[in-house]
Structure formats: C-alpha cells, structure tokens
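Raw contents of my_file25.txt, compact mmCIF, C-alpha atoms:
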```txt
# COMPACT_ATOMS: atom_id res chain seq x y z
CA MET U 43 33.05 -237.73 53.69
CA ALA U 44 32.98 -237.60 57.47
CA LYS U 45 36.54 -236.31 57.38
CA ARG U 46 35.58 -233.44 55.07
CA LYS U 47 32.70 -232.49 57.33
CA SER U 48 34.90 -232.35 60.40
CA ARG U 49 37.39 -230.15 58.54
CA VAL U 50 34.89 -227.35 57.93
CA LYS U 51 33.55 -227.43 61.46
CA ALA U 52 35.18 -224.91 63.75
CA PRO U 53 36.23 -226.09 67.18
CA ALA U 54 33.60 -225.26 69.76
CA SER U 55 36.05 -223.30 71.90
CA ALA U 56 37.32 -220.91 69.17
CA PRO U 57 35.39 -217.72 68.45
CA GLN U 58 33.93 -217.42 64.95
CA ARG U 59 34.97 -214.73 62.48
CA GLY U 60 32.22 -212.15 62.93
CA GLY U 61 31.15 -213.91 66.12
CA PRO U 62 30.50 -212.47 69.59
CA SER U 63 34.09 -211.34 70.19
CA ARG U 64 34.22 -209.29 67.02
CA THR U 65 30.74 -207.90 67.58
CA LEU U 66 31.65 -206.91 71.12
CA ALA U 67 34.88 -205.30 69.92
CA LEU U 68 33.03 -203.28 67.27
CA ALA U 69 30.35 -202.26 69.74
CA LEU U 70 32.94 -201.11 72.29
CA ALA U 71 34.94 -199.21 69.68
CA GLY U 72 31.78 -197.61 68.25
CA GLY U 73 30.55 -196.72 71.71
CA SER U 74 33.80 -195.13 72.78
CA ALA U 75 33.99 -193.25 69.44
CA ALA U 76 30.49 -191.90 69.94
CA VAL U 77 31.30 -190.77 73.49
CA ILE U 78 34.58 -189.12 72.44
CA ALA U 79 32.99 -187.31 69.49
CA ALA U 80 29.90 -186.25 71.46
CA VAL U 81 31.93 -184.80 74.34
CA LEU U 82 34.26 -182.89 72.00
CA ILE U 83 31.45 -181.52 69.84
CA VAL U 84 29.31 -180.48 72.81
CA ILE U 85 32.25 -178.63 74.38
CA SER U 86 33.02 -176.96 71.06
CA VAL U 87 29.42 -175.91 70.37
CA THR U 88 28.89 -174.51 73.84
CA GLY U 89 32.14 -172.56 73.70
CA GLY U 90 33.95 -174.78 76.15
CA GLY U 91 32.06 -173.45 79.11
CA ASP U 92 34.38 -170.49 79.03
CA LYS U 93 31.79 -167.87 79.75
CA GLY U 94 33.55 -165.76 82.29
CA ALA U 95 32.49 -162.25 83.08
CA GLU U 96 33.22 -159.59 80.48
CA PRO U 97 36.28 -157.52 81.35
CA PRO U 98 35.41 -154.10 82.68
CA LEU U 99 35.22 -151.33 80.13
CA PRO U 100 38.31 -149.10 80.13
CA THR U 101 37.80 -145.51 81.16
CA THR U 102 38.13 -142.72 78.62
CA GLY U 103 41.48 -141.85 80.16
CA GLU U 104 42.69 -145.42 79.87
CA THR U 105 41.47 -145.57 76.29
CA GLN U 106 43.27 -142.33 75.44
CA ALA U 107 46.39 -143.69 77.11
CA LEU U 108 46.39 -146.53 74.58
CA LEU U 109 47.26 -143.95 71.94
CA GLY U 110 50.32 -142.94 73.91
CA ASP U 111 51.68 -139.52 74.77
CA PRO U 112 52.43 -137.95 72.40
CA GLY U 113 49.61 -139.61 70.50
CA LEU U 114 50.47 -142.44 68.14
CA PHE U 115 49.10 -140.58 65.14
CA ASP U 116 50.17 -137.06 66.14
CA GLY U 117 51.71 -135.22 63.22
CA ILE U 118 50.53 -137.77 60.68
CA PRO U 119 47.81 -136.72 58.23
CA GLN U 120 44.79 -138.98 57.79
CA ASP U 121 42.70 -138.80 54.65
CA GLY U 122 39.82 -141.23 54.68
CA LEU U 123 41.43 -144.63 54.98
CA VAL U 124 44.92 -143.45 54.12
CA LEU U 125 47.42 -142.68 56.86
CA GLY U 126 50.42 -140.59 55.95
CA SER U 127 51.55 -137.90 53.60
CA PRO U 128 49.74 -137.93 50.24
CA ALA U 129 53.16 -137.23 48.70
CA ALA U 130 54.73 -140.40 50.14
CA PRO U 131 56.29 -142.31 47.23
CA VAL U 132 55.37 -145.76 48.57
CA THR U 133 51.99 -147.04 49.73
CA MET U 134 51.58 -150.04 51.96
CA VAL U 135 48.12 -151.54 51.66
CA GLU U 136 46.83 -153.48 54.67
CA TYR U 137 43.92 -155.87 54.37
CA ALA U 138 42.61 -156.53 57.87
CA ASP U 139 39.63 -157.71 59.84
CA VAL U 140 39.13 -155.72 63.04
CA GLN U 141 38.53 -158.96 64.94
CA CYS U 142 41.64 -160.72 63.63
CA PRO U 143 44.13 -161.16 66.50
CA TYR U 144 47.17 -161.02 64.22
CA CYS U 145 45.87 -157.73 62.80
CA GLY U 146 45.57 -156.47 66.37
CA GLU U 147 49.07 -157.68 67.12
CA PHE U 148 50.42 -155.82 64.10
CA ALA U 149 48.64 -152.66 65.21
CA GLY U 150 49.99 -152.87 68.74
CA ARG U 151 53.45 -154.21 68.12
CA SER U 152 54.75 -153.08 64.74
CA LEU U 153 52.67 -150.15 63.57
CA PRO U 154 54.19 -147.64 66.05
CA ALA U 155 57.71 -148.39 64.81
CA LEU U 156 56.60 -148.28 61.16
CA LEU U 157 54.97 -144.91 61.79
CA ASP U 158 58.17 -143.54 63.32
CA GLU U 159 60.49 -144.95 60.67
CA TYR U 160 58.50 -144.62 57.48
CA VAL U 161 55.16 -142.82 57.79
CA ARG U 162 55.92 -139.78 59.94
CA PRO U 163 59.00 -138.90 57.80
CA GLY U 164 56.74 -138.97 54.72
CA LYS U 165 58.33 -141.99 53.03
CA VAL U 166 55.36 -144.37 53.19
CA LYS U 167 51.62 -144.02 53.55
CA ILE U 168 49.39 -146.88 54.69
CA GLU U 169 45.98 -147.61 53.20
CA PHE U 170 43.49 -149.66 55.21
CA ARG U 171 41.22 -152.05 53.36
CA GLY U 172 38.80 -153.57 55.80
CA LEU U 173 37.42 -157.06 55.44
CA GLN U 174 34.73 -158.55 57.66
CA PHE U 175 34.83 -162.30 57.19
CA LEU U 176 35.17 -163.35 60.83
CA GLY U 177 31.60 -162.54 61.80
CA PRO U 178 29.06 -159.97 62.96
CA ASP U 179 31.42 -158.08 65.28
CA SER U 180 33.81 -157.68 62.35
CA GLU U 181 31.17 -155.95 60.28
CA LYS U 182 29.98 -153.73 63.13
CA ALA U 183 33.55 -152.65 63.91
CA LEU U 184 34.41 -152.14 60.25
CA ARG U 185 31.38 -149.93 59.69
CA LEU U 186 32.51 -147.74 62.60
CA VAL U 187 36.01 -147.44 61.16
CA LEU U 188 34.67 -146.57 57.71
CA SER U 189 32.26 -144.05 59.20
CA ALA U 190 35.12 -142.49 61.18
CA ALA U 191 37.02 -142.28 57.90
CA GLN U 192 34.47 -139.70 56.76
CA GLN U 193 35.96 -137.52 59.52
CA ASP U 194 39.53 -138.62 58.76
CA LYS U 195 39.75 -140.45 62.10
CA ALA U 196 39.61 -144.02 60.81
CA TRP U 197 43.10 -145.04 61.90
CA THR U 198 42.65 -143.72 65.42
CA VAL U 199 39.34 -145.53 65.89
CA LEU U 200 40.81 -148.64 64.29
CA GLU U 201 43.79 -148.63 66.65
CA LEU U 202 41.53 -148.34 69.68
CA LEU U 203 39.25 -151.11 68.45
CA PHE U 204 42.27 -153.37 67.98
CA ALA U 205 43.47 -152.49 71.48
CA ASN U 206 40.07 -153.45 72.89
CA GLN U 207 39.53 -156.64 70.90
CA GLY U 208 37.26 -159.06 72.74
CA GLU U 209 36.37 -162.68 72.28
CA GLU U 210 35.44 -163.31 68.68
CA ASN U 211 31.79 -162.71 67.79
CA LYS U 212 30.69 -162.51 71.39
CA GLY U 213 29.32 -159.02 70.96
CA TRP U 214 32.42 -157.21 72.20
CA VAL U 215 31.78 -154.21 69.93
CA THR U 216 29.23 -152.83 72.37
CA ASP U 217 27.65 -149.40 72.11
CA ALA U 218 29.33 -148.52 75.43
CA LEU U 219 32.77 -149.46 74.09
CA VAL U 220 32.16 -147.59 70.86
CA ARG U 221 31.17 -144.44 72.74
CA GLN U 222 34.17 -144.80 75.04
CA ILE U 223 36.47 -145.05 72.04
CA GLY U 224 34.71 -142.21 70.25
CA GLU U 225 35.13 -139.89 73.23
CA ALA U 226 38.81 -140.76 73.46
CA VAL U 227 39.46 -139.62 69.88
CA ALA U 228 40.08 -135.89 69.83
CA GLY U 229 38.04 -134.06 67.23
CA LEU U 230 35.73 -136.97 66.42
CA ASP U 231 31.98 -136.32 66.32
CA VAL U 232 30.78 -139.57 67.90
CA GLU U 233 27.09 -139.05 67.01
CA GLN U 234 27.99 -138.39 63.39
CA MET U 235 30.15 -141.53 63.31
CA LEU U 236 27.35 -143.65 64.79
CA ALA U 237 24.73 -142.18 62.48
CA GLY U 238 26.81 -142.89 59.40
CA THR U 239 27.57 -146.56 59.86
CA ASN U 240 24.77 -147.79 57.60
CA ALA U 241 25.10 -145.16 54.91
CA PRO U 242 25.17 -146.37 51.29
CA ALA U 243 28.70 -144.97 51.02
CA ILE U 244 29.82 -147.40 53.75
CA ASP U 245 28.15 -150.33 51.97
CA ALA U 246 30.00 -149.30 48.83
CA LEU U 247 33.35 -149.12 50.65
CA ILE U 248 32.84 -152.59 52.14
CA ALA U 249 31.93 -154.04 48.74
CA LYS U 250 34.90 -152.28 47.13
CA ALA U 251 37.42 -153.62 49.64
CA GLU U 252 35.98 -157.12 49.29
CA ALA U 253 36.24 -156.96 45.50
CA GLN U 254 39.79 -155.59 45.73
CA GLY U 255 40.71 -158.35 48.16
CA GLN U 256 39.39 -161.01 45.82
CA SER U 257 41.12 -159.48 42.86
CA ASP U 258 44.38 -159.26 44.85
CA GLY U 259 44.06 -162.89 45.92
CA VAL U 260 43.79 -162.11 49.63
CA ARG U 261 43.07 -165.29 51.52
CA GLY U 262 43.70 -164.25 55.08
CA THR U 263 44.44 -161.28 57.27
CA PRO U 264 46.53 -159.36 57.78
CA THR U 265 47.80 -159.25 54.21
CA PHE U 266 50.06 -156.47 53.05
CA PHE U 267 50.97 -155.11 49.64
CA VAL U 268 53.65 -152.59 48.79
CA VAL U 269 52.70 -150.27 45.96
CA ARG U 270 54.96 -147.84 44.16
CA LYS U 271 53.97 -145.87 41.10
CA GLY U 272 55.03 -147.61 37.93
CA VAL U 273 55.73 -150.92 39.68
CA PRO U 274 53.19 -153.75 40.03
CA PRO U 275 51.85 -154.19 43.61
CA HIS U 276 53.97 -156.62 45.58
CA GLN U 277 52.43 -158.84 48.26
CA LEU U 278 54.60 -159.19 51.35
CA GLU U 279 55.37 -162.76 52.34
CA LEU U 280 55.92 -162.35 56.05
CA GLY U 281 57.31 -164.95 58.38
CA SER U 282 56.67 -162.64 61.29
CA LEU U 283 54.77 -159.49 62.13
CA ASP U 284 57.84 -157.92 63.69
CA VAL U 285 58.78 -154.56 62.21
CA SER U 286 62.04 -156.11 60.98
CA ALA U 287 60.02 -158.27 58.58
CA PHE U 288 58.62 -155.17 56.86
CA ARG U 289 61.85 -153.25 56.47
CA PRO U 290 63.40 -155.13 53.51
CA ALA U 291 60.35 -154.69 51.25
CA LEU U 292 59.78 -151.07 52.25
CA ASP U 293 63.45 -150.15 51.93
CA ALA U 294 63.61 -151.84 48.54
CA ALA U 295 60.52 -149.97 47.36
CA LEU U 296 62.03 -146.70 48.54
CA THR U 297 65.28 -147.32 46.68
CA PRO U 298 65.09 -145.68 43.27
CA MET Y 65 44.79 -213.57 63.61
CA ARG Y 66 47.58 -211.02 63.21
CA HIS Y 67 47.89 -208.33 60.56
CA PRO Y 68 51.45 -207.02 60.72
CA ALA Y 69 51.00 -204.85 57.63
CA LEU Y 70 47.85 -203.29 59.03
CA ARG Y 71 49.55 -202.69 62.38
CA LEU Y 72 52.43 -201.02 60.56
CA ALA Y 73 49.97 -198.90 58.57
CA VAL Y 74 48.26 -197.78 61.77
CA ALA Y 75 51.60 -196.84 63.30
CA ALA Y 76 52.68 -194.96 60.16
CA LEU Y 77 49.40 -193.05 59.95
CA ALA Y 78 49.53 -192.23 63.65
CA LEU Y 79 53.06 -190.91 63.13
CA ALA Y 80 51.88 -188.76 60.21
CA GLY Y 81 49.03 -187.45 62.34
CA THR Y 82 51.41 -186.74 65.20
CA ALA Y 83 53.60 -184.74 62.82
CA ILE Y 84 50.68 -182.62 61.56
CA ALA Y 85 49.19 -182.05 65.01
CA GLY Y 86 52.67 -181.40 66.36
CA TYR Y 87 53.33 -178.74 63.74
CA LEU Y 88 49.98 -177.06 64.39
CA THR Y 89 50.70 -177.10 68.12
CA TYR Y 90 54.11 -175.58 67.47
CA ALA Y 91 52.48 -172.94 65.24
CA TRP Y 92 49.93 -172.21 67.96
CA TYR Y 93 52.45 -171.69 70.73
CA GLY Y 94 55.16 -170.30 68.46
CA GLY Y 95 52.82 -167.47 67.45
CA ASP Y 96 54.12 -165.19 64.73
CA ASP Y 97 57.53 -166.78 64.68
CA VAL Y 98 56.05 -169.60 62.63
CA GLY Y 99 55.47 -168.43 59.11
CA LEU Y 100 53.74 -171.31 57.39
CA CYS Y 101 50.45 -170.76 59.08
CA LEU Y 102 50.53 -167.00 59.15
CA THR Y 103 49.82 -165.76 55.67
CA GLY Y 104 48.21 -167.36 52.69
CA GLY Y 105 45.44 -169.90 52.94
CA GLY Y 106 42.75 -169.93 55.53
CA CYS Y 107 45.01 -171.48 58.13
CA GLU Y 108 45.40 -168.44 60.32
CA THR Y 109 41.70 -167.66 60.01
CA VAL Y 110 40.88 -171.11 61.32
CA GLN Y 111 43.58 -170.94 63.99
CA ASN Y 112 42.23 -167.56 65.11
CA SER Y 113 38.64 -168.75 65.35
CA ARG Y 114 37.06 -169.79 68.62
CA TYR Y 115 36.77 -173.34 67.28
CA ALA Y 116 40.55 -173.74 67.44
CA GLU Y 117 40.27 -174.15 71.21
CA LEU Y 118 38.28 -176.52 73.35
CA ALA Y 119 37.84 -175.42 76.95
CA GLY Y 120 41.07 -173.48 76.68
CA ILE Y 121 43.00 -176.35 75.11
CA PRO Y 122 44.12 -175.94 71.49
CA VAL Y 123 42.44 -178.55 69.25
CA SER Y 124 45.87 -179.40 67.86
CA VAL Y 125 46.98 -180.48 71.35
CA LEU Y 126 43.99 -182.82 71.56
CA GLY Y 127 44.95 -184.20 68.15
CA LEU Y 128 48.50 -184.69 69.32
CA ALA Y 129 47.26 -186.58 72.38
CA GLY Y 130 44.97 -188.75 70.25
CA TYR Y 131 47.61 -189.67 67.69
CA THR Y 132 50.28 -190.46 70.27
CA SER Y 133 47.75 -192.59 72.17
CA ILE Y 134 47.03 -194.58 69.01
CA LEU Y 135 50.75 -194.93 68.41
CA VAL Y 136 51.26 -196.35 71.91
CA LEU Y 137 48.22 -198.63 71.52
CA ALA Y 138 49.60 -199.93 68.22
CA ALA Y 139 52.81 -200.82 70.03
CA LEU Y 140 50.92 -202.65 72.80
CA ASP Y 141 48.75 -204.56 70.32
CA GLY Y 142 46.27 -206.42 72.57
CA LEU Y 143 42.64 -206.70 71.59
CA ARG Y 144 41.73 -204.06 74.15
CA SER Y 145 44.39 -201.77 72.66
CA ARG Y 146 42.96 -202.33 69.20
CA VAL Y 147 39.44 -201.56 70.37
CA LEU Y 148 40.55 -198.41 72.14
CA ALA Y 149 42.60 -197.28 69.13
CA ALA Y 150 39.61 -197.83 66.84
CA GLY Y 151 37.39 -195.88 69.23
CA ILE Y 152 39.82 -192.95 69.43
CA ALA Y 153 40.30 -192.92 65.65
CA ALA Y 154 36.58 -193.08 64.88
CA GLY Y 155 35.79 -190.45 67.52
CA GLY Y 156 38.58 -188.29 66.11
CA LEU Y 157 37.20 -188.73 62.60
CA ALA Y 158 33.71 -187.69 63.70
CA PHE Y 159 35.10 -184.60 65.43
CA SER Y 160 37.28 -183.78 62.41
CA LEU Y 161 34.24 -183.95 60.13
CA TYR Y 162 32.41 -181.60 62.50
CA LEU Y 163 35.36 -179.18 62.35
CA LEU Y 164 35.48 -179.45 58.55
CA ALA Y 165 31.79 -178.52 58.43
CA ILE Y 166 32.51 -175.56 60.75
CA GLN Y 167 35.31 -174.42 58.43
CA LEU Y 168 33.08 -174.61 55.36
CA VAL Y 169 29.86 -173.24 56.82
CA VAL Y 170 30.74 -170.98 59.77
CA ILE Y 171 34.32 -169.75 59.37
CA ASP Y 172 34.25 -169.78 55.56
CA ALA Y 173 37.93 -170.65 55.41
CA VAL Y 174 39.65 -173.99 55.09
CA CYS Y 175 42.97 -174.79 56.68
CA SER Y 176 45.06 -177.02 54.41
CA TRP Y 177 46.82 -178.59 57.42
CA CYS Y 178 43.44 -179.48 58.88
CA VAL Y 179 42.39 -181.11 55.61
CA GLY Y 180 45.63 -183.10 55.69
CA ASN Y 181 44.74 -184.18 59.19
CA ASP Y 182 41.23 -185.16 58.02
CA VAL Y 183 42.70 -187.47 55.40
CA VAL Y 184 45.05 -189.09 57.93
CA ILE Y 185 42.38 -189.61 60.59
CA ALA Y 186 39.96 -191.06 58.00
CA LEU Y 187 42.56 -193.60 56.86
CA LEU Y 188 43.44 -194.31 60.48
CA ALA Y 189 39.78 -194.94 61.36
CA VAL Y 190 39.53 -197.44 58.51
CA ALA Y 191 42.82 -199.15 59.38
CA THR Y 192 42.05 -199.45 63.09
CA ALA Y 193 38.55 -200.75 62.33
CA LEU Y 194 40.00 -203.38 60.01
CA ARG Y 195 42.27 -204.49 62.85
CA LEU Y 196 39.17 -205.46 64.81
CA ARG Y 197 38.65 -208.37 62.41
CA VAL Y 198 40.17 -210.62 65.02
CA THR Y 199 39.46 -213.96 66.56
CA ASP Y 200 40.94 -213.29 69.98
CA ARG Y 201 38.75 -213.11 73.02
CA PHE Y 202 38.81 -210.34 75.59
```
Target format structure tokens, applied to this file:
Amino acid sequence: MAKRKSRVKAPASAPQRGGPSRTLALALAGGSAAVIAAVLIVISVTGGGDKGAEPPLPTTGETQALLGDPGLFDGIPQDGLVLGSPAAPVTMVEYADVQCPYCGEFAGRSLPALLDEYVRPGKVKIEFRGLQFLGPDSEKALRLVLSAAQQDKAWTVLELLFANQGEENKGWVTDALVRQIGEAVAGLDVEQMLAGTNAPAIDALIAKAEAQGQSDGVRGTPTFFVVRKGVPPHQLELGSLDVSAFRPALDAALTP
Amino acid sequence: MRHPALRLAVAALALAGTAIAGYLTYAWYGGDDVGLCLTGGGCETVQNSRYAELAGIPVSVLGLAGYTSILVLAALDGLRSRVLAAGIAAGGLAFSLYLLAIQLVVIDAVCSWCVGNDVVIALLAVATALRLRVTDRF
C-alpha cells in the first residue's frame, strides 16, 4: 500500500504538469503575443505614422505636360466613355478604379503605345467602365470622369487623375487638384463638369458599370475584355500590364 | 517531455507560411511581372490597399520574418524558444484576424493567399501552444 502511494507522488524537485513552469510559459507567450499584435494593429490603424506633407500641387503647365506634346489623345475621337473611332471593329473594355495603382500604371505605361498602335489607326476603340470599390476618393474621382464624359473629355480627365494619384482614400481628389486638371484640359468647361457630378445620369452610369462588372465576373481592377461583333466578349488574362501582353488578344480579334 | 511530431508539425507549418509570405513578398516587389496576384480574385485589391504596408514595410515581409523566426526557434527547441515561438504565432494570428476583418469590412475584397496564410498561422498558433505543455524549467 505504502509502495503504491509513493508511486503516485511526484518528486518534490520536478515541476508538475500544469504547474508554475507551464503557467509561466503560457503567461509569457500570451504576453508577448498581446504585445506583438497590439503594436502591429496600432501601427496599421494609425497608418504607420506615415503622415508626411502632401506633395505640392502641379501647375497647370505641368499638368498639361503630362498629356505630352502632341497631346496623348490628339486626333482620337472621344464619345462619352468611348475612346476611338466608332467604326473600329474591335472594342477593348476596361474596368478600372481611378485610385487603383495598377490602373494608373496601365494608363501611364501601356495606354500611349496602345493608342498609337491600335486606337489612332482606327482598329480598336476603348470603353471605360468605372468602378469605385476602393473608397470615397474613388467615387469622387469617378463622378468627375463621368461628368467630363458629358463633354466627351472623360479620357483626358481620367488620364490626368491617374497621373496625379495620391495616397489611397486620404482625400487626394481635392477641389484644387480637380480645378487644376480641369484647366489643363482644352475645351473642358470645368464649372459644368463640377456641377454635374451628382446628376441622376451619373448615378445611373455608376450603377450600370457596377451591374455590368458583376455580370462580367469582374473581381479586381484593371480588368479588360476584348469585344468583337458576333463573338462573345473575351476577358484578357494578363500576366503583365506591358503593351506586349495586350497585342496577342487584340491582333487575334482583328484577324478576320 | 518532448514532442517530436509536434516539433515537426511546427517546422512544416512554418515552412508553409514562409512559402506563402515569400510568394507575396515576391509579388509585391516583382510588381506586374508576377501574374498570379494581378488579375482575378481580390488579391491585387488587398495588395494595393494601405493595409498591405506597415510603416512602409510590406505586411508580407513581416510575415516572412515571423515564419522564419518560428522556423529557427523550432530548430533551437529550448523552452524559451518554444515560448517565443508561441508568442510570435499567437501574435501573428491575432494580427491576421484583424487583417481578415479589414478585408471583409473595409476593403470588401478577400485575398485567397491571405486566407491560406490565416489557416497556416492558426494551425501554427495551436501547435506552438501545445508545445508549451512541458515539464522543463526556465
């Protein structure tokens, strides 16, 4: 009996399962986890303390210079949200959010070459379908683009907004920037554009693009479709936003 | 008390996490040359959001640092290493849950790679916590 008792007794020097050592270990692990998580979350919520001064607003001249000389869109017709000849046999649809950096990269890096190779010669026209899922600045910018579309200047305003993209949802679409851009676009009535941003027609365009995006299965931006009469729309699967990634699909669509 | 299987599981999960975080880091710095995260899914939306960076450091880099630390700690295997690994894993899990909530509520897009990471870090938090069932002293 005494033997059995001594067998179940733990030696005084060994720590018990669930004893102080384990409790201490759990407390230390829990404490360090709480510190790690708290620090990371606080930095994330406060924006990482990265609250540097806003970059200075470009001058009208600098803004105009972004369009190049001759102008990026010179010689290319704009009709509402469509850029290019109405007779172009192929349409490339672009779903984009004005705040999306990749959309801005496409506009700055590949669009000029696509315009030269496909749009200006009348082979392809590009239709903009604006989404605004990234936040308040997306909606504000999109409304300006859609309002400019009423004056057939959407693509020019869009290009300048992309070129002036600021930090996401930090209020970069300021009235001053908008006016600067408006004044840089030849032939645009800035007051008319500003007055029209909340028109029911703009609400309808936003709702339409959103519905089209859902129906087309758009899950991110930029997303591109190639459309040719009599052929179902074809979504481009791009591994890159380089102009070379667009050529195969556009050339194929242009081949009878 | 040693748990070789558990130690192996921690190492394997840390390796899986390193692979995911490594890919996302590669995608971040590789820019548009990396296709998997560019179109389709909410991955690029999440990667483009301000929550993808922490004080100028991509979140994926922090993940990479966390997973490799756990991997090294699993190799060292002292009680202090186990405690630190459990702390990093649990802290990482809490931060991952915060980011998941941000994806669902604020960004309104979910990155499949991030969800994969969430699963790995959750399993890792459990495995490293189980490794604290020890009888060693500090």
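Across the structure, CA of Val273 (chain U) and CA of Thr297 (chain U) are spaced 12.4 Å apart.
Rounded to one decimal, CA of Val132 (chain U) and CA of Ile248 (chain U) lie 23.8 Å from each other.
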Next item on the list: May I have the residues of chain U within 7 Å of chain Y, counting all atoms listed in the file, written as an NGL selection string?
Entry: :U and (57-59 or 63-64 or 67-68 or 70-72 or 74-76 or 78-79 or 82-83 or 85-86 or 90-92 or 143 or 176 or 210 or 261-262 or 265 or 280-283)
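Near Gln193 (chain U), within a cut-off of 10 Å and counting all atoms listed in the file, sit the residues Gln120, Asp121, Gly122, Leu188, Ser189, Gly229, Leu230, Asp231, Gln234 and Met235 of chain U, with same-chain residues fewer than 4 positions away left out.
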Next item on the list: For region 113-115 of chain U, please output as a list of chain:residue names all residues within 9 Å (counting all atoms listed in the file; exclusion window: fewer than 3 positions along the same chain).
Entry: U:Gln106, U:Ala107, U:Leu108, U:Leu109, U:Gly110, U:Ile118, U:Pro119, U:Gln120, U:Leu125, U:Pro154, U:Leu157, U:Arg162, U:Trp197, U:Thr198
Written selection (C-alpha atoms) as a PDB file, in the coordinates of the input:
```pdb
ATOM      1  CA  GLN U 106      43.270-142.330  75.440  1.00  0.00           C
ATOM      2  CA  ALA U 107      46.390-143.690  77.110  1.00  0.00           C
ATOM      3  CA  LEU U 108      46.390-146.530  74.580  1.00  0.00           C
ATOM      4  CA  LEU U 109      47.260-143.950  71.940  1.00  0.00           C
ATOM      5  CA  GLY U 110      50.320-142.940  73.910  1.00  0.00           C
ATOM      6  CA  ILE U 118      50.530-137.770  60.680  1.00  0.00           C
ATOM      7  CA  PRO U 119      47.810-136.720  58.230  1.00  0.00           C
ATOM      8  CA  GLN U 120      44.790-138.980  57.790  1.00  0.00           C
ATOM      9  CA  LEU U 125      47.420-142.680  56.860  1.00  0.00           C
ATOM     10  CA  PRO U 154      54.190-147.640  66.050  1.00  0.00           C
ATOM     11  CA  LEU U 157      54.970-144.910  61.790  1.00  0.00           C
ATOM     12  CA  ARG U 162      55.920-139.780  59.940  1.00  0.00           C
ATOM     13  CA  TRP U 197      43.100-145.040  61.900  1.00  0.00           C
ATOM     14  CA  THR U 198      42.650-143.720  65.420  1.00  0.00           C
TER      15      THR U 198
END
```
Next item on the list: Measuring atom to atom with only C-alpha atoms, identify which of U:Lys167, U:Lys271, U:Lys182, U:Lys195 is nearest to Leu153 (chain U).
Entry: U:Lys167
Next item on the list: Give me the residues within 9 Å of Val269 (chain U) as a list in words, counting all atoms listed in the file and dropping any in the same chain fewer than 4 places off.
Entry: Pro131, Val132, Thr133, Met134, Val135, Val273, Pro274, Pro275, His276, Gln277 and Ala295 of chain U
Check: How far is it from CA of Ala76 (chain Y) to CA of Ala186 (chain Y), in Å with one decimal?
Finding: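 A separation of 13.5 Å between them.
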Next item on the list: Tell me which of U:Glu136, U:Glu169, U:Asp217, U:Asp158 sits closest to Ala183 (chain U), counting all atoms listed in the file.
Entry: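 Checking each of U:Glu136, U:Glu169, U:Asp217, U:Asp158 against Ala183 (chain U), counting all atoms listed in the file, the winner is U:Asp217.
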Margin query: Using all atoms listed in the file for the distances, tell me which of Y:Ile134, Y:Gln111, Y:Thr89, Y:Asn181 is nearest to Gln167 (chain Y).
Written below: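 The shortest atom-to-atom distance to Gln167 (chain Y) comes from Y:Gln111.
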